[in-house]
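A.B. asks: Structure file entry_39.pdb (PDB, C-alpha atoms and all ligand atoms) right here:
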ATOM      1  CA  MET G   1      31.467 -30.377 -10.762
ATOM      2  CA  THR G   2      34.806 -32.156 -10.883
ATOM      3  CA  SER G   3      36.003 -34.003 -13.999
ATOM      4  CA  ILE G   4      35.236 -37.294 -12.262
ATOM      5  CA  ASP G   5      31.619 -36.175 -11.639
ATOM      6  CA  ARG G   6      31.335 -35.229 -15.297
ATOM      7  CA  LEU G   7      32.762 -38.552 -16.478
ATOM      8  CA  LEU G   8      30.342 -40.425 -14.223
ATOM      9  CA  GLY G   9      27.490 -38.300 -15.587
ATOM     10  CA  VAL G  10      28.514 -39.191 -19.150
ATOM     11  CA  ALA G  11      28.714 -42.914 -18.330
ATOM     12  CA  ASP G  12      25.319 -42.772 -16.607
ATOM     13  CA  SER G  13      23.708 -41.019 -19.587
ATOM     14  CA  ALA G  14      25.290 -43.529 -22.033
ATOM     15  CA  LEU G  15      23.974 -46.503 -20.057
ATOM     16  CA  ARG G  16      20.486 -45.012 -19.717
ATOM     17  CA  THR G  17      20.392 -44.200 -23.456
ATOM     18  CA  LEU G  18      21.413 -47.729 -24.444
ATOM     19  CA  ALA G  19      19.221 -49.423 -21.831
ATOM     20  CA  GLY G  20      16.227 -47.365 -23.000
ATOM     21  CA  THR G  21      15.477 -45.986 -19.534
ATOM     22  CA  GLN G  22      15.708 -42.246 -20.350
ATOM     23  CA  ARG G  23      12.494 -40.422 -19.407
ATOM     24  CA  ALA G  24      10.998 -37.444 -21.249
ATOM     25  CA  ALA G  25      10.474 -34.223 -19.265
ATOM     26  CA  GLN G  26       7.963 -32.903 -21.832
ATOM     27  CA  PRO G  27       4.729 -34.734 -22.682
ATOM     28  CA  LEU G  28       4.546 -36.729 -25.899
ATOM     29  CA  PRO G  29       3.398 -34.475 -28.803
ATOM     30  CA  GLU G  30      -0.193 -35.370 -29.631
ATOM     31  CA  PRO G  31      -1.657 -35.168 -33.147
ATOM     32  CA  VAL G  32      -4.244 -32.409 -33.721
ATOM     33  CA  VAL G  33      -6.390 -34.792 -35.775
ATOM     34  CA  PRO G  34      -6.277 -38.483 -34.793
ATOM     35  CA  GLY G  35      -4.954 -40.901 -37.420
ATOM     36  CA  GLY G  36      -6.568 -44.011 -38.860
ATOM     37  CA  PRO G  37      -5.755 -47.710 -38.508
ATOM     38  CA  LEU G  38      -2.487 -48.880 -40.114
ATOM     39  CA  ASP G  39      -2.242 -52.066 -42.180
ATOM     40  CA  PRO G  40       0.741 -54.388 -41.433
ATOM     41  CA  GLU G  41       2.817 -52.964 -44.295
ATOM     42  CA  GLN G  42       2.254 -49.355 -43.146
ATOM     43  CA  LYS G  43       3.085 -50.365 -39.573
ATOM     44  CA  ARG G  44       6.317 -52.001 -40.733
ATOM     45  CA  LEU G  45       7.327 -48.896 -42.708
ATOM     46  CA  ALA G  46       6.474 -46.530 -39.828
ATOM     47  CA  GLY G  47       8.439 -48.782 -37.428
ATOM     48  CA  ALA G  48      11.497 -48.730 -39.705
ATOM     49  CA  LEU G  49      11.370 -44.928 -40.077
ATOM     50  CA  MET G  50      10.914 -44.386 -36.344
ATOM     51  CA  ARG G  51      13.854 -46.757 -35.674
ATOM     52  CA  VAL G  52      16.017 -44.530 -37.887
ATOM     53  CA  ASN G  53      14.822 -41.467 -35.945
ATOM     54  CA  HIS G  54      15.498 -43.204 -32.642
ATOM     55  CA  VAL G  55      19.087 -43.955 -33.778
ATOM     56  CA  GLY G  56      19.440 -40.270 -34.681
ATOM     57  CA  GLU G  57      18.482 -39.390 -31.116
ATOM     58  CA  VAL G  58      20.890 -41.972 -29.662
ATOM     59  CA  CYS G  59      23.621 -40.248 -31.704
ATOM     60  CA  ALA G  60      22.434 -36.812 -30.533
ATOM     61  CA  GLN G  61      22.833 -37.940 -26.885
ATOM     62  CA  ALA G  62      26.370 -39.106 -27.624
ATOM     63  CA  LEU G  63      27.368 -36.013 -29.602
ATOM     64  CA  TYR G  64      26.093 -33.513 -27.047
ATOM     65  CA  SER G  65      27.522 -35.467 -24.087
ATOM     66  CA  ALA G  66      30.948 -35.583 -25.741
ATOM     67  CA  GLN G  67      30.852 -31.923 -26.672
ATOM     68  CA  ALA G  68      29.675 -30.828 -23.202
ATOM     69  CA  LEU G  69      32.406 -32.952 -21.637
ATOM     70  CA  ALA G  70      35.196 -31.615 -23.842
ATOM     71  CA  THR G  71      34.471 -27.862 -23.960
ATOM     72  CA  ARG G  72      36.299 -25.579 -21.511
ATOM     73  CA  ASN G  73      33.667 -22.865 -21.884
ATOM     74  CA  PRO G  74      31.066 -23.124 -19.039
ATOM     75  CA  ALA G  75      28.386 -21.148 -20.967
ATOM     76  CA  LEU G  76      28.758 -23.461 -23.938
ATOM     77  CA  ARG G  77      28.643 -26.506 -21.689
ATOM     78  CA  THR G  78      25.325 -25.259 -20.270
ATOM     79  CA  GLN G  79      24.000 -24.773 -23.809
ATOM     80  CA  PHE G  80      25.030 -28.294 -24.861
ATOM     81  CA  GLU G  81      23.476 -29.742 -21.706
ATOM     82  CA  LYS G  82      20.205 -27.885 -22.351
ATOM     83  CA  ALA G  83      20.066 -29.184 -25.944
ATOM     84  CA  ALA G  84      20.875 -32.699 -24.671
ATOM     85  CA  ARG G  85      17.836 -32.530 -22.357
ATOM     86  CA  GLU G  86      15.553 -31.749 -25.306
ATOM     87  CA  GLU G  87      17.196 -34.598 -27.226
ATOM     88  CA  THR G  88      16.356 -36.845 -24.261
ATOM     89  CA  ASP G  89      12.675 -36.010 -24.811
ATOM     90  CA  HIS G  90      13.093 -36.922 -28.495
ATOM     91  CA  LEU G  91      14.803 -40.165 -27.522
ATOM     92  CA  ALA G  92      12.030 -41.169 -25.109
ATOM     93  CA  TRP G  93       9.240 -40.171 -27.536
ATOM     94  CA  THR G  94      10.689 -42.133 -30.473
ATOM     95  CA  GLN G  95      11.256 -45.103 -28.207
ATOM     96  CA  GLN G  96       7.667 -45.015 -26.961
ATOM     97  CA  ARG G  97       6.383 -44.811 -30.545
ATOM     98  CA  LEU G  98       8.598 -47.752 -31.590
ATOM     99  CA  ARG G  99       7.036 -49.796 -28.803
ATOM    100  CA  GLU G 100       3.503 -48.798 -29.855
ATOM    101  CA  LEU G 101       4.272 -49.826 -33.446
ATOM    102  CA  GLY G 102       5.608 -53.182 -32.257
ATOM    103  CA  ALA G 103       9.060 -52.330 -33.665
ATOM    104  CA  ARG G 104      12.439 -52.667 -31.951
ATOM    105  CA  PRO G 105      15.288 -50.193 -31.566
ATOM    106  CA  SER G 106      18.413 -50.679 -33.706
ATOM    107  CA  LEU G 107      20.574 -53.635 -32.690
ATOM    108  CA  LEU G 108      23.622 -51.504 -33.476
ATOM    109  CA  ASN G 109      22.836 -48.711 -30.987
ATOM    110  CA  PRO G 110      26.019 -49.264 -28.889
ATOM    111  CA  LEU G 111      28.032 -48.896 -32.089
ATOM    112  CA  TRP G 112      26.180 -45.740 -33.193
ATOM    113  CA  TYR G 113      26.629 -44.265 -29.708
ATOM    114  CA  ALA G 114      30.364 -44.988 -29.596
ATOM    115  CA  GLY G 115      30.907 -43.619 -33.106
ATOM    116  CA  ALA G 116      28.950 -40.423 -32.439
ATOM    117  CA  PHE G 117      30.712 -39.907 -29.098
ATOM    118  CA  GLY G 118      34.104 -40.161 -30.845
ATOM    119  CA  ILE G 119      33.038 -37.700 -33.533
ATOM    120  CA  GLY G 120      31.717 -35.304 -30.845
ATOM    121  CA  LEU G 121      35.081 -35.408 -29.058
ATOM    122  CA  ILE G 122      36.965 -34.719 -32.292
ATOM    123  CA  ALA G 123      34.638 -31.761 -33.056
ATOM    124  CA  ALA G 124      35.105 -30.400 -29.525
ATOM    125  CA  ARG G 125      38.902 -30.704 -29.725
ATOM    126  CA  ALA G 126      38.841 -28.541 -32.861
ATOM    127  CA  GLY G 127      37.641 -25.577 -30.767
ATOM    128  CA  ASP G 128      34.301 -24.069 -29.780
ATOM    129  CA  ALA G 129      33.507 -22.314 -33.077
ATOM    130  CA  ILE G 130      34.044 -25.514 -35.086
ATOM    131  CA  SER G 131      32.270 -27.605 -32.460
ATOM    132  CA  LEU G 132      29.264 -25.262 -32.764
ATOM    133  CA  GLY G 133      29.568 -25.355 -36.568
ATOM    134  CA  PHE G 134      29.356 -29.107 -36.327
ATOM    135  CA  VAL G 135      26.138 -28.790 -34.262
ATOM    136  CA  VAL G 136      24.615 -26.405 -36.833
ATOM    137  CA  GLU G 137      25.414 -28.757 -39.728
ATOM    138  CA  THR G 138      24.226 -31.883 -37.861
ATOM    139  CA  GLU G 139      20.958 -30.298 -36.742
ATOM    140  CA  ARG G 140      20.255 -28.931 -40.260
ATOM    141  CA  GLN G 141      20.864 -32.338 -41.815
ATOM    142  CA  VAL G 142      18.619 -33.996 -39.209
ATOM    143  CA  GLU G 143      15.938 -31.367 -39.858
ATOM    144  CA  GLN G 144      16.003 -32.095 -43.629
ATOM    145  CA  HIS G 145      15.930 -35.785 -42.908
ATOM    146  CA  LEU G 146      12.876 -35.421 -40.616
ATOM    147  CA  GLU G 147      11.183 -33.352 -43.318
ATOM    148  CA  SER G 148      11.672 -36.262 -45.737
ATOM    149  CA  HIS G 149      10.119 -38.611 -43.161
ATOM    150  CA  LEU G 150       7.010 -36.420 -43.044
ATOM    151  CA  ASP G 151       6.667 -37.250 -46.759
ATOM    152  CA  ARG G 152       7.289 -40.962 -46.246
ATOM    153  CA  LEU G 153       5.336 -41.759 -43.070
ATOM    154  CA  PRO G 154       1.852 -43.161 -43.732
ATOM    155  CA  ARG G 155      -0.803 -40.385 -43.790
ATOM    156  CA  ASP G 156      -2.777 -42.257 -41.126
ATOM    157  CA  ASP G 157       0.148 -42.501 -38.699
ATOM    158  CA  ALA G 158      -0.739 -39.209 -37.037
ATOM    159  CA  ALA G 159       1.030 -40.192 -33.791
ATOM    160  CA  SER G 160       4.456 -40.643 -35.454
ATOM    161  CA  ARG G 161       3.929 -37.567 -37.616
ATOM    162  CA  ALA G 162       3.217 -35.370 -34.555
ATOM    163  CA  ILE G 163       6.462 -36.532 -32.915
ATOM    164  CA  VAL G 164       8.545 -36.028 -36.068
ATOM    165  CA  ALA G 165       7.061 -32.559 -36.710
ATOM    166  CA  ARG G 166       7.865 -31.438 -33.150
ATOM    167  CA  MET G 167      11.397 -32.836 -33.328
ATOM    168  CA  LYS G 168      12.004 -31.073 -36.644
ATOM    169  CA  ASN G 169      11.021 -27.791 -34.972
ATOM    170  CA  ASP G 170      13.292 -28.414 -31.968
ATOM    171  CA  GLU G 171      16.267 -29.367 -34.197
ATOM    172  CA  ALA G 172      15.863 -26.075 -36.097
ATOM    173  CA  GLY G 173      15.991 -24.297 -32.710
ATOM    174  CA  HIS G 174      19.186 -26.189 -31.755
ATOM    175  CA  ALA G 175      20.823 -25.123 -35.037
ATOM    176  CA  ALA G 176      19.765 -21.505 -34.507
ATOM    177  CA  SER G 177      21.120 -21.303 -30.953
ATOM    178  CA  ALA G 178      24.436 -22.882 -32.017
ATOM    179  CA  GLU G 179      24.643 -20.298 -34.787
ATOM    180  CA  GLN G 180      23.971 -17.440 -32.346
ATOM    181  CA  ALA G 181      26.624 -18.809 -29.987
ATOM    182  CA  GLY G 182      29.286 -18.210 -32.660
ATOM    183  CA  ALA G 183      29.377 -21.256 -34.953
ATOM    184  CA  THR G 184      31.708 -21.229 -37.914
ATOM    185  CA  THR G 185      30.637 -22.748 -41.268
ATOM    186  CA  LEU G 186      32.312 -26.098 -41.798
ATOM    187  CA  PRO G 187      34.291 -26.639 -45.030
ATOM    188  CA  ALA G 188      32.239 -28.290 -47.809
ATOM    189  CA  PRO G 189      34.186 -31.623 -47.796
ATOM    190  CA  VAL G 190      33.450 -32.024 -44.060
ATOM    191  CA  ARG G 191      29.749 -31.356 -44.688
ATOM    192  CA  TRP G 192      29.751 -33.919 -47.528
ATOM    193  CA  ALA G 193      31.460 -36.484 -45.287
ATOM    194  CA  MET G 194      28.846 -35.870 -42.579
ATOM    195  CA  ARG G 195      26.079 -36.329 -45.135
ATOM    196  CA  ALA G 196      27.657 -39.603 -46.326
ATOM    197  CA  ALA G 197      27.990 -40.868 -42.731
ATOM    198  CA  GLY G 198      24.355 -39.912 -42.098
ATOM    199  CA  ARG G 199      23.288 -41.865 -45.182
ATOM    200  CA  ILE G 200      25.129 -45.011 -44.034
ATOM    201  CA  MET G 201      23.510 -44.713 -40.604
ATOM    202  CA  THR G 202      19.961 -44.168 -41.890
ATOM    203  CA  THR G 203      20.166 -46.945 -44.522
ATOM    204  CA  THR G 204      21.513 -49.468 -42.006
ATOM    205  CA  ALA G 205      19.143 -48.494 -39.176
ATOM    206  CA  HIS G 206      16.140 -48.834 -41.504
ATOM    207  CA  ARG G 207      16.690 -52.631 -41.411
ATOM    208  CA  PHE G 208      18.841 -53.365 -38.338
TER
HETATM  209 FE    FE A 301      16.561 -34.612 -31.602
HETATM  210 FE    FE A 302      18.774 -31.397 -31.922
END
Let me see the file written as structure tokens.
Ligand SMILES: [Fe+2]
Ligand SMILES: [Fe+2]

C.D. replies:
Amino acid sequence: MTSIDRLLGVADSALRTLAGTQRAAQPLPEPVVPGGPLDPEQKRLAGALMRVNHVGEVCAQALYSAQALATRNPALRTQFEKAAREETDHLAWTQQRLRELGARPSLLNPLWYAGAFGIGLIAARAGDAISLGFVVETERQVEQHLESHLDRLPRDDAASRAIVARMKNDEAGHAASAEQAGATTLPAPVRWAMRAAGRIMTTTAHRF
């Protein structure tokens, strides 16, 4: 592929992500035991939490696209593209669940996408080991965050819980493969800054 092809691919993926037209390749994870009916308050809470998770997946699309675009290592590009495809499943699943809960995606998605894309480019410019270190740290933080959502989601919302549990598993796999590919550990202040940025994103997306 030429650089122009790659740029067009990135633009296409950005537009599909923001327009909500990305399709999942894998079927939606189904709960083992079906849930119960949700009251309006539980539905509102589940909708807000799934909106936060959907924003996380919008950011994952942007981060992996930017990193795949900027790396000069073809093997690494393939790895980023593979992870991005799994993130596309996550994106489509969370979007479907938002719809089922009668909730809307974040109004600020274009902003989250642009911000995450910029951060992905900066990480990629710092070299492959740091770029991979950034993936490891991001995926670990997302995994912890999804774990906390398993505590907060209503017990009866088995459909959302099945999606979140599967995503948590996949994110752990993304962190492990980035680690095996030669990730370096990011300095503590960078990890703290990432955590702070994540907190701003999750708090805002909960409402908007
Ligand atoms: Fe994901
Ligand atoms: Fe991931």

A.B. asks: Around ligand FE 302 (chain A), which protein and nucleic acid residues have at least one atom no more than 12 Å from it, if we count only C-alpha atoms and all ligand atoms? List them as a PDB file with C-alpha atoms, in the frame of the given file.

C.D. replies:
ATOM      1  CA  ASN G  53      14.822 -41.467 -35.945  1.00  0.00           C
ATOM      2  CA  GLY G  56      19.440 -40.270 -34.681  1.00  0.00           C
ATOM      3  CA  GLU G  57      18.482 -39.390 -31.116  1.00  0.00           C
ATOM      4  CA  VAL G  58      20.890 -41.972 -29.662  1.00  0.00           C
ATOM      5  CA  CYS G  59      23.621 -40.248 -31.704  1.00  0.00           C
ATOM      6  CA  ALA G  60      22.434 -36.812 -30.533  1.00  0.00           C
ATOM      7  CA  GLN G  61      22.833 -37.940 -26.885  1.00  0.00           C
ATOM      8  CA  ALA G  62      26.370 -39.106 -27.624  1.00  0.00           C
ATOM      9  CA  LEU G  63      27.368 -36.013 -29.602  1.00  0.00           C
ATOM     10  CA  TYR G  64      26.093 -33.513 -27.047  1.00  0.00           C
ATOM     11  CA  GLN G  79      24.000 -24.773 -23.809  1.00  0.00           C
ATOM     12  CA  PHE G  80      25.030 -28.294 -24.861  1.00  0.00           C
ATOM     13  CA  GLU G  81      23.476 -29.742 -21.706  1.00  0.00           C
ATOM     14  CA  LYS G  82      20.205 -27.885 -22.351  1.00  0.00           C
ATOM     15  CA  ALA G  83      20.066 -29.184 -25.944  1.00  0.00           C
ATOM     16  CA  ALA G  84      20.875 -32.699 -24.671  1.00  0.00           C
ATOM     17  CA  ARG G  85      17.836 -32.530 -22.357  1.00  0.00           C
ATOM     18  CA  GLU G  86      15.553 -31.749 -25.306  1.00  0.00           C
ATOM     19  CA  GLU G  87      17.196 -34.598 -27.226  1.00  0.00           C
ATOM     20  CA  THR G  88      16.356 -36.845 -24.261  1.00  0.00           C
ATOM     21  CA  ASP G  89      12.675 -36.010 -24.811  1.00  0.00           C
ATOM     22  CA  HIS G  90      13.093 -36.922 -28.495  1.00  0.00           C
ATOM     23  CA  LEU G  91      14.803 -40.165 -27.522  1.00  0.00           C
ATOM     24  CA  PHE G 134      29.356 -29.107 -36.327  1.00  0.00           C
ATOM     25  CA  VAL G 135      26.138 -28.790 -34.262  1.00  0.00           C
ATOM     26  CA  VAL G 136      24.615 -26.405 -36.833  1.00  0.00           C
ATOM     27  CA  GLU G 137      25.414 -28.757 -39.728  1.00  0.00           C
ATOM     28  CA  THR G 138      24.226 -31.883 -37.861  1.00  0.00           C
ATOM     29  CA  GLU G 139      20.958 -30.298 -36.742  1.00  0.00           C
ATOM     30  CA  ARG G 140      20.255 -28.931 -40.260  1.00  0.00           C
ATOM     31  CA  GLN G 141      20.864 -32.338 -41.815  1.00  0.00           C
ATOM     32  CA  VAL G 142      18.619 -33.996 -39.209  1.00  0.00           C
ATOM     33  CA  GLU G 143      15.938 -31.367 -39.858  1.00  0.00           C
ATOM     34  CA  LEU G 146      12.876 -35.421 -40.616  1.00  0.00           C
ATOM     35  CA  VAL G 164       8.545 -36.028 -36.068  1.00  0.00           C
ATOM     36  CA  ARG G 166       7.865 -31.438 -33.150  1.00  0.00           C
ATOM     37  CA  MET G 167      11.397 -32.836 -33.328  1.00  0.00           C
ATOM     38  CA  LYS G 168      12.004 -31.073 -36.644  1.00  0.00           C
ATOM     39  CA  ASN G 169      11.021 -27.791 -34.972  1.00  0.00           C
ATOM     40  CA  ASP G 170      13.292 -28.414 -31.968  1.00  0.00           C
ATOM     41  CA  GLU G 171      16.267 -29.367 -34.197  1.00  0.00           C
ATOM     42  CA  ALA G 172      15.863 -26.075 -36.097  1.00  0.00           C
ATOM     43  CA  GLY G 173      15.991 -24.297 -32.710  1.00  0.00           C
ATOM     44  CA  HIS G 174      19.186 -26.189 -31.755  1.00  0.00           C
ATOM     45  CA  ALA G 175      20.823 -25.123 -35.037  1.00  0.00           C
ATOM     46  CA  ALA G 176      19.765 -21.505 -34.507  1.00  0.00           C
ATOM     47  CA  SER G 177      21.120 -21.303 -30.953  1.00  0.00           C
ATOM     48  CA  ALA G 178      24.436 -22.882 -32.017  1.00  0.00           C
TER      49      ALA G 178
END

A.B. asks: Taking the file above as input, evaluate the PyMOL selection byres (((chain G and resi 193-203) around 8) and not hetatm) and report the hits as a count of residues only.

C.D. replies: 12

A.B. asks: Taking into account all atoms listed in the file, which residue in the set G:Glu179, G:Asp5, G:Asp12, G:Glu147 is nearest to Asp128 in chain G?

C.D. replies: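 Under the stated criterion, the closest residue is G:Glu179.
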
A.B. asks: Residues at most 7 Å from range 150-163 of chain G, counting only C-alpha atoms, excluding those fewer than 6 positions away in the same chain, as a ChimeraX atom specification?

C.D. replies: /G:29-31,34-38,42,46,97

A.B. asks: Out of G:Leu132, G:Met1, G:Leu98, G:Val55, which residue has the shortest atom-to-atom distance to ligand FE 301 (chain A) when counting all atoms listed in the file?

C.D. replies: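 Selected residue with least distance to ligand FE 301 (chain A): G:Val55.
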
A.B. asks: Under the rule that only C-alpha atoms are counted, which of G:Leu15, G:Gln67, G:Leu28, G:Thr78 is the nearest residue to Leu121 in chain G?

C.D. replies: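 Ranked by minimum distance to Leu121 in chain G, first place goes to G:Gln67.
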
A.B. asks: Counting only C-alpha atoms, what is within 8 Å of Ile130 in chain G, bar same-chain residues fewer than 2 positions away, as a list in words?

C.D. replies: Ala123, Ala124, Ala126, Gly127, Asp128, Leu132, Gly133, Phe134, Ala183, Thr184, Thr185 and Leu186 of chain G

A.B. asks: Report, in Å to a single decimal, how far apart CA of Leu8 in chain G and CA of Ser106 in chain G are.

C.D. replies: 25.0 Å

A.B. asks: For the atom pair CA of Ala165 in chain G and CA of Val32 in chain G, what is the interatomic distance in Å to one decimal place?

C.D. replies: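 These two atoms are separated by 11.7 Å.
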
A.B. asks: Considering only C-alpha atoms and all ligand atoms, state which residue in the set G:Gln26, G:Gln144, G:Asp39, G:His54 is at the smallest distance from ligand FE 301 (chain A).

C.D. replies: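 Once distances to ligand FE 301 (chain A) are computed over only C-alpha atoms and all ligand atoms, the minimum belongs to G:His54.
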
A.B. asks: Find the distance between CA of Ala68 in chain G and CA of Ala181 in chain G and write it in Å to one decimal.

C.D. replies: 14.1 Å

A.B. asks: Would you compute the box with edges along x, y and z of the file around range 182-200 of chain G, including every atom the file lists for it and 4 Å extra on each side, and give its centre and edge lengths in Å to one decimal, as lines of an AutoDock Vina configuration file?

C.D. replies:
center_x = 28.8
center_y = -31.6
center_z = -40.2
size_x = 19.0
size_y = 34.8
size_z = 23.1

A.B. asks: Closest to Thr21 in chain G among G:Ser148, G:Gln180, G:Trp93, G:Gly102, using all atoms listed in the file?

C.D. replies: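 Once distances to Thr21 in chain G are computed over all atoms listed in the file, the minimum belongs to G:Trp93.
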
A.B. asks: Within 12 Å of Ile4 in chain G, counting only C-alpha atoms, which residues qualify if same-chain residues fewer than 6 places away don't, as a list in words?

C.D. replies: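 Near neighbours after the sequence-gap exclusion: Val10, Ala11 and Leu69 of chain G.
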
A.B. asks: Quick one: range 13-29 of chain G with N, CA, C and O atoms, as a PDB file, in the frame of the given file?

C.D. replies:
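Resulting contents of rebuild17.pdb:
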ATOM      1  N   SER G  13      24.585 -41.379 -18.470  1.00  0.00           N
ATOM      2  CA  SER G  13      23.708 -41.019 -19.587  1.00  0.00           C
ATOM      3  C   SER G  13      23.838 -42.049 -20.719  1.00  0.00           C
ATOM      4  O   SER G  13      22.847 -42.430 -21.347  1.00  0.00           O
ATOM      5  N   ALA G  14      25.077 -42.523 -20.970  1.00  0.00           N
ATOM      6  CA  ALA G  14      25.290 -43.529 -22.033  1.00  0.00           C
ATOM      7  C   ALA G  14      24.530 -44.811 -21.704  1.00  0.00           C
ATOM      8  O   ALA G  14      23.827 -45.374 -22.550  1.00  0.00           O
ATOM      9  N   LEU G  15      24.637 -45.252 -20.452  1.00  0.00           N
ATOM     10  CA  LEU G  15      23.974 -46.503 -20.057  1.00  0.00           C
ATOM     11  C   LEU G  15      22.452 -46.374 -20.134  1.00  0.00           C
ATOM     12  O   LEU G  15      21.774 -47.263 -20.634  1.00  0.00           O
ATOM     13  N   ARG G  16      21.939 -45.233 -19.656  1.00  0.00           N
ATOM     14  CA  ARG G  16      20.486 -45.012 -19.717  1.00  0.00           C
ATOM     15  C   ARG G  16      19.998 -44.968 -21.164  1.00  0.00           C
ATOM     16  O   ARG G  16      18.933 -45.498 -21.494  1.00  0.00           O
ATOM     17  N   THR G  17      20.778 -44.298 -22.040  1.00  0.00           N
ATOM     18  CA  THR G  17      20.392 -44.200 -23.456  1.00  0.00           C
ATOM     19  C   THR G  17      20.313 -45.593 -24.071  1.00  0.00           C
ATOM     20  O   THR G  17      19.348 -45.942 -24.744  1.00  0.00           O
ATOM     21  N   LEU G  18      21.354 -46.407 -23.802  1.00  0.00           N
ATOM     22  CA  LEU G  18      21.413 -47.729 -24.444  1.00  0.00           C
ATOM     23  C   LEU G  18      20.449 -48.716 -23.797  1.00  0.00           C
ATOM     24  O   LEU G  18      19.948 -49.623 -24.458  1.00  0.00           O
ATOM     25  N   ALA G  19      20.158 -48.514 -22.504  1.00  0.00           N
ATOM     26  CA  ALA G  19      19.221 -49.423 -21.831  1.00  0.00           C
ATOM     27  C   ALA G  19      17.771 -49.020 -22.111  1.00  0.00           C
ATOM     28  O   ALA G  19      16.845 -49.762 -21.810  1.00  0.00           O
ATOM     29  N   GLY G  20      17.583 -47.821 -22.689  1.00  0.00           N
ATOM     30  CA  GLY G  20      16.227 -47.365 -23.000  1.00  0.00           C
ATOM     31  C   GLY G  20      15.462 -46.916 -21.770  1.00  0.00           C
ATOM     32  O   GLY G  20      14.236 -47.017 -21.742  1.00  0.00           O
ATOM     33  N   THR G  21      16.180 -46.406 -20.758  1.00  0.00           N
ATOM     34  CA  THR G  21      15.477 -45.986 -19.534  1.00  0.00           C
ATOM     35  C   THR G  21      15.404 -44.456 -19.386  1.00  0.00           C
ATOM     36  O   THR G  21      15.006 -43.968 -18.337  1.00  0.00           O
ATOM     37  N   GLN G  22      15.814 -43.711 -20.437  1.00  0.00           N
ATOM     38  CA  GLN G  22      15.708 -42.246 -20.350  1.00  0.00           C
ATOM     39  C   GLN G  22      14.231 -41.853 -20.358  1.00  0.00           C
ATOM     40  O   GLN G  22      13.440 -42.420 -21.096  1.00  0.00           O
ATOM     41  N   ARG G  23      13.890 -40.878 -19.502  1.00  0.00           N
ATOM     42  CA  ARG G  23      12.494 -40.422 -19.407  1.00  0.00           C
ATOM     43  C   ARG G  23      12.372 -39.030 -20.031  1.00  0.00           C
ATOM     44  O   ARG G  23      13.267 -38.207 -19.869  1.00  0.00           O
ATOM     45  N   ALA G  24      11.230 -38.771 -20.670  1.00  0.00           N
ATOM     46  CA  ALA G  24      10.998 -37.444 -21.249  1.00  0.00           C
ATOM     47  C   ALA G  24      10.504 -36.495 -20.162  1.00  0.00           C
ATOM     48  O   ALA G  24       9.741 -36.892 -19.290  1.00  0.00           O
ATOM     49  N   ALA G  25      10.973 -35.236 -20.204  1.00  0.00           N
ATOM     50  CA  ALA G  25      10.474 -34.223 -19.265  1.00  0.00           C
ATOM     51  C   ALA G  25       9.205 -33.586 -19.831  1.00  0.00           C
ATOM     52  O   ALA G  25       8.328 -33.156 -19.093  1.00  0.00           O
ATOM     53  N   GLN G  26       9.128 -33.508 -21.161  1.00  0.00           N
ATOM     54  CA  GLN G  26       7.963 -32.903 -21.832  1.00  0.00           C
ATOM     55  C   GLN G  26       6.997 -34.006 -22.256  1.00  0.00           C
ATOM     56  O   GLN G  26       7.437 -35.095 -22.631  1.00  0.00           O
ATOM     57  N   PRO G  27       5.685 -33.708 -22.242  1.00  0.00           N
ATOM     58  CA  PRO G  27       4.729 -34.734 -22.682  1.00  0.00           C
ATOM     59  C   PRO G  27       4.888 -35.076 -24.163  1.00  0.00           C
ATOM     60  O   PRO G  27       5.356 -34.246 -24.942  1.00  0.00           O
ATOM     61  N   LEU G  28       4.489 -36.265 -24.509  1.00  0.00           N
ATOM     62  CA  LEU G  28       4.546 -36.729 -25.899  1.00  0.00           C
ATOM     63  C   LEU G  28       3.690 -35.819 -26.784  1.00  0.00           C
ATOM     64  O   LEU G  28       2.541 -35.545 -26.435  1.00  0.00           O
ATOM     65  N   PRO G  29       4.236 -35.314 -27.923  1.00  0.00           N
ATOM     66  CA  PRO G  29       3.398 -34.475 -28.803  1.00  0.00           C
ATOM     67  C   PRO G  29       2.201 -35.277 -29.335  1.00  0.00           C
ATOM     68  O   PRO G  29       2.370 -36.393 -29.811  1.00  0.00           O
TER      69      PRO G  29
END
